[in-house]
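Take a look at the structure set out below.
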Amino acid sequence: AQSVSQHNHHVILSEAASLELGCNYSYGGTVNLFWYVQYPGQHLQLLLKYFSGDPLVKGIKGFEAEFIKSKFSFNLRKPSVQWSDTAEYFCAVISAGTASKLTFGTGTRLQVTL
Amino acid sequence: ETGVTQTPRHLVMGMTNKKSLKCEQHLGHNAMYWYKQSAKKPLELMFVYNFKEQTENNSVPSRFSPECPNSSHLFLHLHTLQPEDSALYLCASSPIERGGVYNEQFFGPGTRLTVL
């Protein structure tokens, strides 16, 4: 069975600091990878996704993630965070090309201070 | 606005009550999902519907009963719940690619359920 690990449960950064949130998955086959964000009081929304091609994926609001197959990782990055990036971030994985279910990590709560 | 709506947004119920959660998607998707989101735990998939047919029941207790009358509507009927069932219940939908491949999911705002 596939699983997703997000090692940082709570991250506190000052505005303009750089961000990197870790995501590792366990699955031997080809995967599709996602980062979702949940702003306070709002619904989960897609930040970015990787299906194939360039392993460096750019998403909305200046976020990007790099798929490193050899490390089973899909870390999320942003060079300079803003106060409005305060939210919970979820990494998710699904086996590519199959009708299997999406598996989520436990989430990382990001708090950006002014 | 993701095109997935859920009602009610908040629900408080006693353990002997019967209530229903409603989800509606306006995206033309064919797959719909119920998830449970509890503090400090991963999102737990509960049910998956594919073209109105239930294709996954993730060992969910029978006090949760889903219903999918058509591809746009999904219900979760609740009865004799326990306090530990208090959580945020999320509905999602996704398109299905050729060959039955599920694509990215679009989530509703959730129903915050409190069981007293």
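The chains in the structure tokens are called A, B, ... from first to last as shown; in each chain the residues are counted from 1, and the ligands are counted from 1 in the order shown.
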
Counting only C-alpha atoms, a student should be able to say which residues of chain B come within 12 Å of chain A; what is the right answer, written as a PyMOL selection string? chain B and resi 1-6+9-10+31-50+55-58+88-112

Which residues are close to Ile60 of chain A, i.e. within 6 Å by only C-alpha atoms, leaving aside same-chain residues fewer than 2 positions away? Reply as a PyMOL selection string. chain A and resi 47+62-63

Could the residues in this selection be written to a file with C-alpha atoms, as a compact mmCIF listing (two decimals), in the first residue's frame?
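The resulting part.txt:
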# COMPACT_ATOMS: atom_id res chain seq x y z
CA LEU A 47 -1.41 24.12 -5.55
CA GLY A 62 4.87 31.28 -6.64
CA PHE A 63 5.06 27.73 -5.32

All strand (DSSP E or B) residues (DSSP, backbone) inside chain A, as number ranges by chain: A: 3-5, 10-14, 19-21, 24-26, 31-38, 44-50, 56-58, 64-68, 73-78, 87-95, 103-104, 108-113

Length of the atom CA of Val11 of chain A to atom CA of Ser73 of chain A vector [Å]: 18.6 Å

For Thr86 of chain A, please output as a list in words all residues within 9 Å (counting only C-alpha atoms; exclusion window: fewer than 2 positions along the same chain).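 Near neighbours after the sequence-gap exclusion: Tyr39, Pro40, Val81, Gln82, Trp83, Ser84, Glu88, Arg109, Leu110, Gln111, Val112 and Thr113 of chain A.
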
Residues just named, written with N, CA and C atoms as a compact mmCIF listing (two decimals), in the first residue's frame:
# COMPACT_ATOMS: atom_id res chain seq x y z
N TYR A 39 -6.39 27.04 3.26
CA TYR A 39 -6.30 28.29 4.01
C TYR A 39 -7.33 28.27 5.14
N PRO A 40 -7.09 29.01 6.21
CA PRO A 40 -8.02 28.98 7.35
C PRO A 40 -9.46 29.22 6.94
N VAL A 81 8.15 33.70 1.40
CA VAL A 81 6.75 33.51 1.82
C VAL A 81 6.13 34.84 2.23
N GLN A 82 4.79 34.85 2.15
CA GLN A 82 4.03 36.02 2.57
C GLN A 82 3.10 35.60 3.70
N TRP A 83 2.64 36.59 4.44
CA TRP A 83 1.72 36.33 5.55
C TRP A 83 0.50 35.55 5.06
N SER A 84 0.07 35.84 3.83
CA SER A 84 -1.12 35.19 3.27
C SER A 84 -0.89 33.72 2.93
N GLU A 88 -2.55 25.24 5.85
CA GLU A 88 -2.09 23.87 6.01
C GLU A 88 -1.85 23.29 4.63
N ARG A 109 1.32 22.46 8.98
CA ARG A 109 0.73 23.77 9.25
C ARG A 109 1.82 24.82 9.16
N LEU A 110 1.67 25.75 8.23
CA LEU A 110 2.64 26.85 8.05
C LEU A 110 2.06 28.12 8.64
N GLN A 111 2.86 28.73 9.51
CA GLN A 111 2.47 30.00 10.10
C GLN A 111 3.52 31.03 9.71
N VAL A 112 3.08 32.07 9.02
CA VAL A 112 4.00 33.13 8.59
C VAL A 112 3.75 34.36 9.45
N THR A 113 4.79 34.84 10.09
CA THR A 113 4.66 36.01 10.96
C THR A 113 5.17 37.26 10.26

Distance atom CA of Lys22 of chain B-atom CA of Leu113 of chain B, one decimal place? 12.7 Å

Looking at B:Gly28, B:Met13, B:Leu21, B:Pro8, which one is nearest to Leu76 of chain B, with distances taken over only C-alpha atoms?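 Using only C-alpha atoms, the shortest distance to Leu76 of chain B belongs to B:Leu21.
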
Quick one: distance from atom CA of Tyr25 of chain A to atom CA of Lys71 of chain A in Å, one decimal?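 Here the two named atoms are 9.0 Å from each other.
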
What lies within 12 Å of Ile68 of chain A using only C-alpha atoms, ignoring chain neighbours under 2 positions off, as a list in words? Gly22, Cys23, Asn24, Tyr25, Val31, Leu33, Tyr50, Ser52, Asp54, Pro55, Leu56, Val57, Ala65, Glu66, Ser70, Lys71, Phe72, Ser73, Phe74, Asn75 and Leu76 of chain A

Can you list, as a PyMOL selection string, every protein, DNA or RNA residue that comes within 7 Å of segment 62-64 of chain B when you count only C-alpha atoms, leaving out same-chain residues fewer than 4 positions away? chain B and resi 76-81

Run DSSP on the backbone of this structure and report the residues of segment 37-97 of chain A it assigns to helix (DSSP H, G or I), as a ChimeraX atom specification. /A:60-62,69-71,83-85
